[in-house]
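Shown here: protein-v4.tsv, TSV, C-alpha atoms and all ligand atoms.
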chain	number	residue	atom	x	y	z
A	1	MET	CA	14.64	184.95	20.48
A	2	LEU	CA	12.84	186.90	23.23
A	3	LYS	CA	15.13	189.94	23.19
A	4	GLY	CA	13.24	193.11	22.24
A	5	LYS	CA	9.78	191.58	22.60
A	6	CYS	CA	7.27	193.20	24.96
A	7	ALA	CA	5.72	191.55	27.99
A	8	VAL	CA	2.88	192.90	30.10
A	9	ILE	CA	2.96	191.41	33.60
A	10	THR	CA	0.04	192.27	35.86
A	11	GLY	CA	0.69	192.52	39.60
A	12	SER	CA	4.45	192.78	39.16
A	13	THR	CA	5.35	195.24	41.90
A	14	SER	CA	5.72	192.37	44.37
A	15	GLY	CA	6.18	188.65	44.83
A	16	ILE	CA	5.83	186.26	41.90
A	17	GLY	CA	5.09	188.95	39.31
A	18	LEU	CA	8.21	190.86	40.28
A	19	GLY	CA	10.25	187.65	40.12
A	20	ILE	CA	8.95	187.01	36.59
A	21	ALA	CA	9.71	190.63	35.63
A	22	GLU	CA	13.30	190.19	36.80
A	23	GLY	CA	13.67	186.90	34.90
A	24	PHE	CA	12.20	188.43	31.74
A	25	ALA	CA	14.32	191.59	31.90
A	26	LYS	CA	17.44	189.42	32.23
A	27	GLU	CA	16.51	187.86	28.87
A	28	GLY	CA	16.19	191.28	27.22
A	29	LEU	CA	12.42	191.64	27.21
A	30	ASN	CA	10.87	195.10	27.41
A	31	LEU	CA	8.25	195.26	30.13
A	32	VAL	CA	5.08	196.83	31.34
A	33	ILE	CA	4.99	196.39	35.09
A	34	ASN	CA	1.77	196.90	37.03
A	35	GLY	CA	0.49	196.72	40.57
A	36	PHE	CA	0.03	198.74	43.71
A	37	GLY	CA	2.54	200.05	46.20
A	38	ASP	CA	4.57	203.04	47.25
A	39	ALA	CA	5.28	205.25	44.21
A	40	ALA	CA	8.94	205.80	45.08
A	41	GLU	CA	9.54	202.06	45.66
A	42	ILE	CA	7.86	201.20	42.34
A	43	GLU	CA	10.03	203.76	40.53
A	44	THR	CA	13.12	202.22	42.13
A	45	ILE	CA	12.02	198.80	40.85
A	46	ARG	CA	11.25	200.14	37.35
A	47	ALA	CA	14.47	202.09	36.98
A	48	GLY	CA	16.47	199.24	38.53
A	49	LEU	CA	15.19	196.75	35.94
A	50	GLU	CA	16.02	199.17	33.12
A	51	HIS	CA	19.53	199.97	34.28
A	52	LYS	CA	20.50	196.45	35.31
A	53	HIS	CA	19.32	194.77	32.14
A	54	GLY	CA	19.35	197.51	29.46
A	55	VAL	CA	15.68	197.09	28.59
A	56	LYS	CA	12.78	199.54	28.51
A	57	VAL	CA	10.34	199.23	31.40
A	58	ILE	CA	7.19	201.28	31.87
A	59	TYR	CA	4.91	201.23	34.88
A	60	ASP	CA	1.14	201.33	34.58
A	61	GLY	CA	-0.89	201.51	37.78
A	62	ALA	CA	-4.13	200.16	36.28
A	63	ASP	CA	-6.45	198.61	38.85
A	64	MET	CA	-7.12	195.04	37.71
A	65	SER	CA	-10.66	195.24	39.05
A	66	LYS	CA	-11.46	198.07	36.59
A	67	PRO	CA	-12.02	197.01	32.95
A	68	ASP	CA	-11.60	200.56	31.58
A	69	GLN	CA	-8.21	200.94	33.30
A	70	ILE	CA	-7.11	197.52	32.02
A	71	GLU	CA	-8.06	198.46	28.47
A	72	ALA	CA	-6.14	201.74	28.75
A	73	MET	CA	-3.06	199.87	30.07
A	74	MET	CA	-3.09	197.45	27.15
A	75	LYS	CA	-3.49	200.29	24.64
A	76	ASN	CA	-0.63	202.17	26.31
A	77	ALA	CA	1.61	199.06	26.16
A	78	ALA	CA	0.88	198.59	22.47
A	79	SER	CA	1.48	202.23	21.62
A	80	VAL	CA	4.86	202.26	23.40
A	81	PHE	CA	6.09	198.85	22.20
A	82	GLY	CA	4.18	198.32	18.95
A	83	GLY	CA	2.08	195.45	20.32
A	84	VAL	CA	1.94	192.98	23.17
A	85	ASP	CA	3.93	189.79	22.56
A	86	ILE	CA	3.69	188.18	25.98
A	87	LEU	CA	0.96	188.60	28.55
A	88	VAL	CA	1.37	187.31	32.10
A	89	ASN	CA	-1.85	187.49	34.09
A	90	ASN	CA	-0.50	187.36	37.60
A	91	ALA	CA	-2.28	189.95	39.77
A	92	GLY	CA	-4.19	188.23	42.51
A	93	ILE	CA	-5.59	188.57	45.99
A	94	GLN	CA	-6.76	186.13	48.64
A	95	ASN	CA	-9.23	186.05	51.53
A	96	VAL	CA	-9.59	183.23	54.03
A	97	ALA	CA	-12.95	182.74	55.79
A	98	PRO	CA	-15.69	180.12	56.15
A	99	VAL	CA	-18.21	180.50	53.34
A	100	GLU	CA	-21.08	181.63	55.58
A	101	GLU	CA	-18.90	184.48	56.88
A	102	PHE	CA	-17.18	185.26	53.57
A	103	PRO	CA	-17.57	189.01	52.88
A	104	THR	CA	-19.49	189.41	49.63
A	105	ALA	CA	-17.34	192.38	48.59
A	106	LYS	CA	-14.24	190.18	48.95
A	107	TRP	CA	-15.84	187.49	46.78
A	108	ASP	CA	-16.52	190.08	44.07
A	109	ALA	CA	-13.01	191.56	44.29
A	110	ILE	CA	-11.30	188.15	44.10
A	111	ILE	CA	-13.32	187.10	41.06
A	112	ALA	CA	-12.65	190.49	39.40
A	113	ILE	CA	-8.90	190.60	40.05
A	114	ASN	CA	-7.96	186.90	39.85
A	115	LEU	CA	-10.25	185.93	36.97
A	116	SER	CA	-12.08	188.70	35.10
A	117	SER	CA	-8.94	190.85	34.70
A	118	ALA	CA	-7.41	188.05	32.60
A	119	PHE	CA	-10.42	188.17	30.28
A	120	HIS	CA	-9.95	191.92	29.83
A	121	THR	CA	-6.16	191.84	29.26
A	122	THR	CA	-6.51	188.85	26.93
A	123	ARG	CA	-9.26	190.32	24.75
A	124	CYS	CA	-7.08	193.42	24.29
A	125	ALA	CA	-3.83	191.50	23.61
A	126	VAL	CA	-5.19	188.90	21.19
A	127	PRO	CA	-5.50	191.15	18.10
A	128	TYR	CA	-1.76	191.99	18.30
A	129	MET	CA	-0.79	188.33	18.77
A	130	LYS	CA	-3.02	187.21	15.90
A	131	SER	CA	-1.59	189.85	13.56
A	132	LYS	CA	2.01	188.85	14.38
A	133	LYS	CA	1.14	185.13	14.42
A	134	TRP	CA	3.15	184.82	17.63
A	135	GLY	CA	2.25	185.26	21.25
A	136	ARG	CA	2.41	183.81	24.72
A	137	ILE	CA	-0.25	184.11	27.40
A	138	ILE	CA	0.70	182.79	30.81
A	139	ASN	CA	-1.86	182.75	33.57
A	140	VAL	CA	-0.44	182.47	37.05
A	141	ALA	CA	-3.10	180.23	38.56
A	142	SER	CA	-2.30	178.08	41.59
A	143	ALA	CA	-2.28	174.53	42.88
A	144	HIS	CA	-5.75	175.74	43.89
A	145	ALA	CA	-6.69	175.58	40.19
A	146	LEU	CA	-6.32	171.80	40.55
A	147	VAL	CA	-7.37	171.03	44.12
A	148	ALA	CA	-9.31	172.86	46.84
A	149	SER	CA	-8.68	173.88	50.43
A	150	PRO	CA	-11.36	174.89	52.93
A	151	PHE	CA	-12.06	178.59	53.67
A	152	LYS	CA	-10.79	179.77	50.26
A	153	SER	CA	-14.01	179.51	48.25
A	154	ALA	CA	-13.56	182.62	46.10
A	155	TYR	CA	-9.87	182.00	45.46
A	156	VAL	CA	-10.35	178.35	44.49
A	157	ALA	CA	-13.31	179.26	42.27
A	158	SER	CA	-11.27	182.00	40.56
A	159	LYS	CA	-8.28	179.72	39.99
A	160	HIS	CA	-10.36	176.80	38.67
A	161	GLY	CA	-12.07	179.39	36.46
A	162	ILE	CA	-8.84	180.67	34.99
A	163	LEU	CA	-7.78	177.16	34.05
A	164	GLY	CA	-11.02	176.78	32.05
A	165	PHE	CA	-10.47	180.19	30.46
A	166	THR	CA	-6.91	179.16	29.57
A	167	LYS	CA	-8.08	176.03	27.74
A	168	THR	CA	-10.71	177.98	25.79
A	169	ILE	CA	-8.36	180.73	24.61
A	170	ALA	CA	-5.69	178.14	23.74
A	171	LEU	CA	-8.16	176.57	21.32
A	172	GLU	CA	-9.05	179.95	19.83
A	173	LEU	CA	-5.38	180.89	19.27
A	174	ALA	CA	-3.89	177.51	18.40
A	175	GLU	CA	-3.46	178.35	14.72
A	176	PHE	CA	-1.98	181.76	15.40
A	177	GLY	CA	1.42	180.75	16.82
A	178	THR	CA	0.16	181.73	20.24
A	179	THR	CA	0.13	179.48	23.29
A	180	VAL	CA	-1.97	179.92	26.42
A	181	ASN	CA	-1.08	178.11	29.61
A	182	CYS	CA	-1.33	178.22	33.37
A	183	ILE	CA	1.46	177.97	35.87
A	184	CYS	CA	0.14	176.45	39.09
A	185	PRO	CA	2.46	177.39	41.95
A	186	GLY	CA	2.36	175.86	45.38
A	187	TYR	CA	3.11	178.09	48.35
A	188	VAL	CA	5.59	180.88	47.74
A	189	LEU	CA	6.50	183.09	50.68
A	190	THR	CA	5.22	186.40	49.28
A	191	PRO	CA	3.13	189.11	50.98
A	192	LEU	CA	-0.03	187.31	49.73
A	193	VAL	CA	0.84	184.23	51.77
A	194	GLU	CA	2.27	186.14	54.74
A	195	LYS	CA	-1.05	188.02	55.06
A	196	GLN	CA	-3.21	184.88	55.16
A	197	ILE	CA	-1.25	183.17	57.95
A	198	PRO	CA	-3.06	185.01	60.81
A	199	ASP	CA	-6.50	184.49	59.19
A	200	THR	CA	-5.87	180.79	58.64
A	201	ALA	CA	-4.72	180.51	62.27
A	202	LYS	CA	-8.00	182.12	63.36
A	203	ALA	CA	-10.21	180.03	61.03
A	204	ARG	CA	-8.58	176.78	62.16
A	205	GLY	CA	-7.97	177.73	65.81
A	206	ILE	CA	-4.21	177.06	65.66
A	207	THR	CA	-1.03	179.14	66.02
A	208	GLU	CA	0.71	180.89	63.13
A	209	GLU	CA	3.71	178.54	63.45
A	210	GLU	CA	1.31	175.59	63.17
A	211	VAL	CA	-0.20	177.16	60.03
A	212	ILE	CA	3.22	177.25	58.31
A	213	LYS	CA	4.21	173.73	59.36
A	214	ASN	CA	0.89	171.87	59.44
A	215	VAL	CA	-1.16	173.69	56.78
A	216	LEU	CA	1.06	175.40	54.22
A	217	LEU	CA	4.12	173.19	54.03
A	218	ALA	CA	2.17	170.07	55.03
A	219	ALA	CA	0.69	170.19	51.54
A	220	GLN	CA	4.11	170.38	49.90
A	221	PRO	CA	6.10	167.12	50.00
A	222	THR	CA	9.33	169.10	49.42
A	223	LYS	CA	8.66	170.86	52.78
A	224	ARG	CA	9.90	174.17	51.45
A	225	PHE	CA	8.36	177.17	49.75
A	226	VAL	CA	8.53	177.41	45.95
A	227	THR	CA	10.76	180.33	44.88
A	228	THR	CA	9.96	183.20	42.54
A	229	GLU	CA	13.11	182.32	40.55
A	230	GLU	CA	11.72	178.84	39.88
A	231	LEU	CA	8.49	180.39	38.61
A	232	ALA	CA	10.33	182.90	36.41
A	233	GLY	CA	12.22	179.97	34.89
A	234	THR	CA	8.96	178.15	34.16
A	235	ALA	CA	7.49	181.27	32.55
A	236	LEU	CA	10.59	181.70	30.37
A	237	PHE	CA	10.37	178.07	29.30
A	238	LEU	CA	6.74	178.60	28.24
A	239	CYS	CA	7.90	181.59	26.17
A	240	SER	CA	10.61	179.58	24.42
A	241	ASP	CA	10.41	177.85	21.02
A	242	SER	CA	10.75	174.51	22.82
A	243	ALA	CA	7.32	175.12	24.36
A	244	ALA	CA	5.59	176.03	21.08
A	245	SER	CA	3.42	172.90	21.19
A	246	ILE	CA	2.49	173.26	24.86
A	247	THR	CA	-0.88	175.00	24.97
A	248	GLY	CA	-4.15	174.79	26.87
A	249	THR	CA	-2.56	173.12	29.83
A	250	SER	CA	-1.01	173.80	33.20
A	251	ILE	CA	2.40	173.26	34.70
A	252	ALA	CA	2.26	172.55	38.41
A	253	VAL	CA	5.24	174.00	40.28
A	254	GLU	CA	4.16	172.97	43.73
A	255	GLY	CA	6.74	170.61	45.18
A	256	GLY	CA	4.54	167.56	44.54
A	257	TRP	CA	1.44	168.90	46.34
A	258	THR	CA	-1.14	167.70	43.80
A	259	ALA	CA	0.51	164.30	43.44
A	260	HIS	CA	-1.10	163.34	46.76
A	301	LIG	P1	1.72	189.49	46.12
A	301	LIG	O1	0.69	190.01	47.08
A	301	LIG	O2	3.14	189.49	46.51
A	301	LIG	O3	1.60	190.26	44.74
A	301	LIG	C1	0.36	190.54	44.15
A	301	LIG	C2	0.55	191.62	43.12
A	301	LIG	O4	-0.73	191.93	42.57
A	301	LIG	C3	1.10	192.93	43.70
A	301	LIG	O5	1.94	193.54	42.76
A	301	LIG	C4	-0.17	193.75	43.92
A	301	LIG	O6	0.07	195.15	43.95
A	301	LIG	C5	-0.94	193.34	42.69
A	301	LIG	N1	-2.36	193.62	42.80
A	301	LIG	C6	-3.23	193.26	43.76
A	301	LIG	N2	-4.44	193.77	43.50
A	301	LIG	C7	-4.33	194.44	42.34
A	301	LIG	C8	-5.24	195.19	41.54
A	301	LIG	N3	-6.52	195.35	41.88
A	301	LIG	N4	-4.77	195.76	40.41
A	301	LIG	C9	-3.46	195.64	40.05
A	301	LIG	N5	-2.57	194.94	40.76
A	301	LIG	C10	-3.00	194.36	41.89
A	301	LIG	O7	1.20	188.04	45.73
A	301	LIG	P2	1.92	186.81	44.99
A	301	LIG	O8	1.99	185.73	45.98
A	301	LIG	O9	3.12	187.23	44.26
A	301	LIG	O10	0.75	186.42	43.98
A	301	LIG	C11	0.83	186.58	42.59
A	301	LIG	C12	-0.08	185.58	41.92
A	301	LIG	O11	0.38	184.27	42.23
A	301	LIG	C13	-1.54	185.65	42.38
A	301	LIG	O12	-2.39	185.47	41.28
A	301	LIG	C14	-1.64	184.49	43.34
A	301	LIG	O13	-2.95	183.99	43.44
A	301	LIG	C15	-0.70	183.50	42.69
A	301	LIG	N6	-0.21	182.46	43.59
A	301	LIG	C16	0.52	182.78	44.70
A	301	LIG	C17	0.96	181.75	45.51
A	301	LIG	C18	1.77	182.00	46.74
A	301	LIG	O14	1.99	181.06	47.51
A	301	LIG	N7	2.28	183.20	46.97
A	301	LIG	C19	0.66	180.42	45.20
A	301	LIG	C20	-0.08	180.15	44.07
A	301	LIG	C21	-0.51	181.17	43.26
Written as structure tokens, how would this file's structure read?
Ligand code: NAD
Amino acid sequence: MLKGKCAVITGSTSGIGLGIAEGFAKEGLNLVINGFGDAAEIETIRAGLEHKHGVKVIYDGADMSKPDQIEAMMKNAASVFGGVDILVNNAGIQNVAPVEEFPTAKWDAIIAINLSSAFHTTRCAVPYMKSKKWGRIINVASAHALVASPFKSAYVASKHGILGFTKTIALELAEFGTTVNCICPGYVLTPLVEKQIPDTAKARGITEEEVIKNVLLAAQPTKRFVTTEELAGTALFLCSDSAASITGTSIAVEGGWTAH
């Protein structure tokens, strides 16, 4: 059912986005991958997905903080694949600091990349989904779309924001065979999390080991990191026919964190 469809996955050169790209390619989806990184490494990823799974994969290096680049990426995807069937808004960044010390440029970048980019990709993808009367939009939010943590004001604001955006677009597309949902992961050990461990240690005055045990995994009753494979499986479920009536909501994949 998904074979031959096209998915655009933002921020898919690393971490969760890359895990979703691998899961999608395995099911025969053609892909647009996006994100930053070393050009040779990205080409290895792109070609590897194509050869391993026999799908077509193009890379677009659009910066998700730049609306004109986002628009060009979406147009490029549609011209290569004849439309955009599935959109996964996944690109995201984090910064950990008390609000009075929070760098204003970081606030702006987090809101642009984690939230506004989804508006820009969505507004470009919707005409194709409406015309085909089928589409899936999956926003990789966070447990921080549902609950807050201190020192992450911009991130928590962006993730709560994307949940509201998700509900709105779900209502707009409900009669067009197109669902719009959030996946809310708990902690996944990706570069995004690895980078915030030293800053959290500094902000809380504790060691990095204590951050992993007493801050990150303390929130997760399962006491282990969520895996990218688990998130790819959730995304594939949301793309399936079985999930056709699931829209405007969020699926928490966070080891029980928000059940507290
Ligand atoms: P990651 O750092 O491994 O990957 C982020 C991806 O986004 C990379 O491909 C990076 O190049 C790309 N990116 C960053 N800025 C970009 C920009 N301006 N334009 C284009 N691409 C850009 O992080 P991750 O942990 O895989 O995070 C992916 C998403 O999952 C984010 O939205 C994040 O908030 C969310 N999330 C992560 C966790 C976690 O524990 N890792 C938990 C909940 C939610």
message: Taking only C-alpha atoms and all ligand atoms into account, list the residues no farther than 7 Å from ligand LIG 301 (chain A), as a VMD selection string.
response: chain A and resid 10 to 17 34 to 37 61 to 65 90 to 94 113 to 114 140 to 143 184 to 193
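You will find atom CA of Val96 of chain A at 19.2 Å from atom CA of Gln220 of chain A.
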Students should find that atom CA of Gly164 of chain A and atom CA of Ser242 of chain A are spaced 23.8 Å
(request) Can you pull out every residue within 9 Å of Ser153 of chain A, counting all atoms listed in the file, but drop anything in the same chain fewer than 4 positions away, and send it as a ChimeraX atom specification? (result) /A:95-99,102,107,148-149,157-158
Find the residues around Ile33 of chain A up to 12 Å (all atoms listed in the file counted), leave out those fewer than 2 positions away in its own chain, and share them as a ChimeraX atom specification. /A:6-14,17-22,24-25,29-31,35-37,42-43,45-47,49-50,56-62,73-74,76-77,87-91
Let's have the selection written as an mmCIF file, keeping the file's coordinate frame, with C-alpha atoms.
data_model
loop_
_atom_site.group_PDB
_atom_site.id
_atom_site.type_symbol
_atom_site.label_atom_id
_atom_site.label_comp_id
_atom_site.auth_asym_id
_atom_site.auth_seq_id
_atom_site.Cartn_x
_atom_site.Cartn_y
_atom_site.Cartn_z
ATOM 1 C CA CYS A 6 7.270 193.200 24.960
ATOM 2 C CA ALA A 7 5.720 191.550 27.990
ATOM 3 C CA VAL A 8 2.880 192.900 30.100
ATOM 4 C CA ILE A 9 2.960 191.410 33.600
ATOM 5 C CA THR A 10 0.040 192.270 35.860
ATOM 6 C CA GLY A 11 0.690 192.520 39.600
ATOM 7 C CA SER A 12 4.450 192.780 39.160
ATOM 8 C CA THR A 13 5.350 195.240 41.900
ATOM 9 C CA SER A 14 5.720 192.370 44.370
ATOM 10 C CA GLY A 17 5.090 188.950 39.310
ATOM 11 C CA LEU A 18 8.210 190.860 40.280
ATOM 12 C CA GLY A 19 10.250 187.650 40.120
ATOM 13 C CA ILE A 20 8.950 187.010 36.590
ATOM 14 C CA ALA A 21 9.710 190.630 35.630
ATOM 15 C CA GLU A 22 13.300 190.190 36.800
ATOM 16 C CA PHE A 24 12.200 188.430 31.740
ATOM 17 C CA ALA A 25 14.320 191.590 31.900
ATOM 18 C CA LEU A 29 12.420 191.640 27.210
ATOM 19 C CA ASN A 30 10.870 195.100 27.410
ATOM 20 C CA LEU A 31 8.250 195.260 30.130
ATOM 21 C CA GLY A 35 0.490 196.720 40.570
ATOM 22 C CA PHE A 36 0.030 198.740 43.710
ATOM 23 C CA GLY A 37 2.540 200.050 46.200
ATOM 24 C CA ILE A 42 7.860 201.200 42.340
ATOM 25 C CA GLU A 43 10.030 203.760 40.530
ATOM 26 C CA ILE A 45 12.020 198.800 40.850
ATOM 27 C CA ARG A 46 11.250 200.140 37.350
ATOM 28 C CA ALA A 47 14.470 202.090 36.980
ATOM 29 C CA LEU A 49 15.190 196.750 35.940
ATOM 30 C CA GLU A 50 16.020 199.170 33.120
ATOM 31 C CA LYS A 56 12.780 199.540 28.510
ATOM 32 C CA VAL A 57 10.340 199.230 31.400
ATOM 33 C CA ILE A 58 7.190 201.280 31.870
ATOM 34 C CA TYR A 59 4.910 201.230 34.880
ATOM 35 C CA ASP A 60 1.140 201.330 34.580
ATOM 36 C CA GLY A 61 -0.890 201.510 37.780
ATOM 37 C CA ALA A 62 -4.130 200.160 36.280
ATOM 38 C CA MET A 73 -3.060 199.870 30.070
ATOM 39 C CA MET A 74 -3.090 197.450 27.150
ATOM 40 C CA ASN A 76 -0.630 202.170 26.310
ATOM 41 C CA ALA A 77 1.610 199.060 26.160
ATOM 42 C CA LEU A 87 0.960 188.600 28.550
ATOM 43 C CA VAL A 88 1.370 187.310 32.100
ATOM 44 C CA ASN A 89 -1.850 187.490 34.090
ATOM 45 C CA ASN A 90 -0.500 187.360 37.600
ATOM 46 C CA ALA A 91 -2.280 189.950 39.770
#
Practice problem: Do a neighbour search on Ala219 of chain A at 12 Å with all atoms listed in the file, toss out local chain neighbours closer than 4 positions, and write the hits as number ranges by chain. | Solution: A: 143-144, 147-149, 186-187, 211-215, 223-225, 254-260
A straight line from atom CA of Thr179 of chain A to atom CA of Leu146 of chain A spans 20.0 Å
Using only C-alpha atoms, the shortest atom-to-atom distance to Leu238 of chain A among A:Ala39, A:Cys124, A:Ile197, A:Ile137 belongs to A:Ile137
(message) Neighbouring residues of Lys133 of chain A were defined as those with any atom within 7 Å, considering all atoms listed in the file; residues of the same chain fewer than 6 positions away were excluded. Please report them as a PyMOL selection string.
(response) chain A and resi 176-178
Do you know which residues are at most 8 Å from Ala235 of chain A counting all atoms listed in the file, after dropping those on the same chain fewer than 4 positions away, and could you put them as a ChimeraX atom specification? /A:20,138,183,231,239
Q.
Given only C-alpha atoms as the basis, pick out the residue of A:His120, A:Ala109, A:Gly135, A:Val55 nearest to Asp241 of chain A.
A.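 Smallest distance to Asp241 of chain A is found for A:Gly135.
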For Ala154 of chain A, the closest of A:Gly82, A:Gly233, A:Pro103, A:Pro221 counting all atoms listed in the file is A:Pro103
Edge lengths and centre in Å to one decimal, as lines of an AutoDock Vina configuration file, of the axis-aligned box that encloses all listed atoms of segment 217-228 of chain A with 6 Å added on every side?
center_x = 5.7
center_y = 175.2
center_z = 48.8
size_x = 22.1
size_y = 28.1
size_z = 24.5
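If all atoms listed in the file are the atoms counted, then among A:Asp108, A:Phe151, A:His160, A:Ile86 the closest residue to Ala201 of chain A is A:Phe151.
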Could N, CA, C and O atoms be built for segment 46-60 of chain A and written out as a short mmCIF file (atom, residue, chain, number, x, y, z; two decimals), in the frame of the given file?
data_model
loop_
_atom_site.label_atom_id
_atom_site.label_comp_id
_atom_site.auth_asym_id
_atom_site.auth_seq_id
_atom_site.Cartn_x
_atom_site.Cartn_y
_atom_site.Cartn_z
N ARG A 46 11.29 199.91 38.81
CA ARG A 46 11.25 200.14 37.35
C ARG A 46 12.62 200.56 36.81
O ARG A 46 13.15 199.95 35.88
N ALA A 47 13.18 201.58 37.45
CA ALA A 47 14.47 202.09 36.98
C ALA A 47 15.56 201.04 37.17
O ALA A 47 16.46 200.89 36.32
N GLY A 48 15.48 200.29 38.25
CA GLY A 48 16.47 199.24 38.53
C GLY A 48 16.48 198.17 37.43
O GLY A 48 17.54 197.74 36.96
N LEU A 49 15.28 197.76 37.01
CA LEU A 49 15.19 196.75 35.94
C LEU A 49 15.80 197.30 34.65
O LEU A 49 16.55 196.60 33.95
N GLU A 50 15.49 198.55 34.35
CA GLU A 50 16.02 199.17 33.12
C GLU A 50 17.54 199.23 33.14
O GLU A 50 18.21 198.81 32.21
N HIS A 51 18.08 199.75 34.23
CA HIS A 51 19.53 199.97 34.28
C HIS A 51 20.31 198.66 34.36
O HIS A 51 21.34 198.51 33.73
N LYS A 52 19.77 197.71 35.13
CA LYS A 52 20.50 196.45 35.31
C LYS A 52 20.53 195.63 34.02
O LYS A 52 21.51 194.96 33.72
N HIS A 53 19.44 195.70 33.27
CA HIS A 53 19.32 194.77 32.14
C HIS A 53 19.29 195.46 30.77
O HIS A 53 19.19 194.78 29.75
N GLY A 54 19.32 196.79 30.74
CA GLY A 54 19.35 197.51 29.46
C GLY A 54 18.10 197.33 28.64
O GLY A 54 18.16 197.24 27.40
N VAL A 55 16.95 197.23 29.31
CA VAL A 55 15.68 197.09 28.59
C VAL A 55 14.82 198.30 28.92
O VAL A 55 15.15 199.09 29.81
N LYS A 56 13.70 198.44 28.18
CA LYS A 56 12.78 199.54 28.51
C LYS A 56 11.65 198.99 29.39
O LYS A 56 11.05 197.96 29.06
N VAL A 57 11.39 199.68 30.47
CA VAL A 57 10.34 199.23 31.40
C VAL A 57 9.42 200.41 31.70
O VAL A 57 9.90 201.46 32.13
N ILE A 58 8.13 200.23 31.45
CA ILE A 58 7.19 201.28 31.87
C ILE A 58 6.29 200.72 32.96
O ILE A 58 6.06 199.51 33.04
N TYR A 59 5.82 201.63 33.80
CA TYR A 59 4.91 201.23 34.88
C TYR A 59 3.52 201.75 34.56
O TYR A 59 3.36 202.90 34.14
N ASP A 60 2.53 200.91 34.74
CA ASP A 60 1.14 201.33 34.58
C ASP A 60 0.38 200.87 35.84
O ASP A 60 0.39 199.67 36.15
#
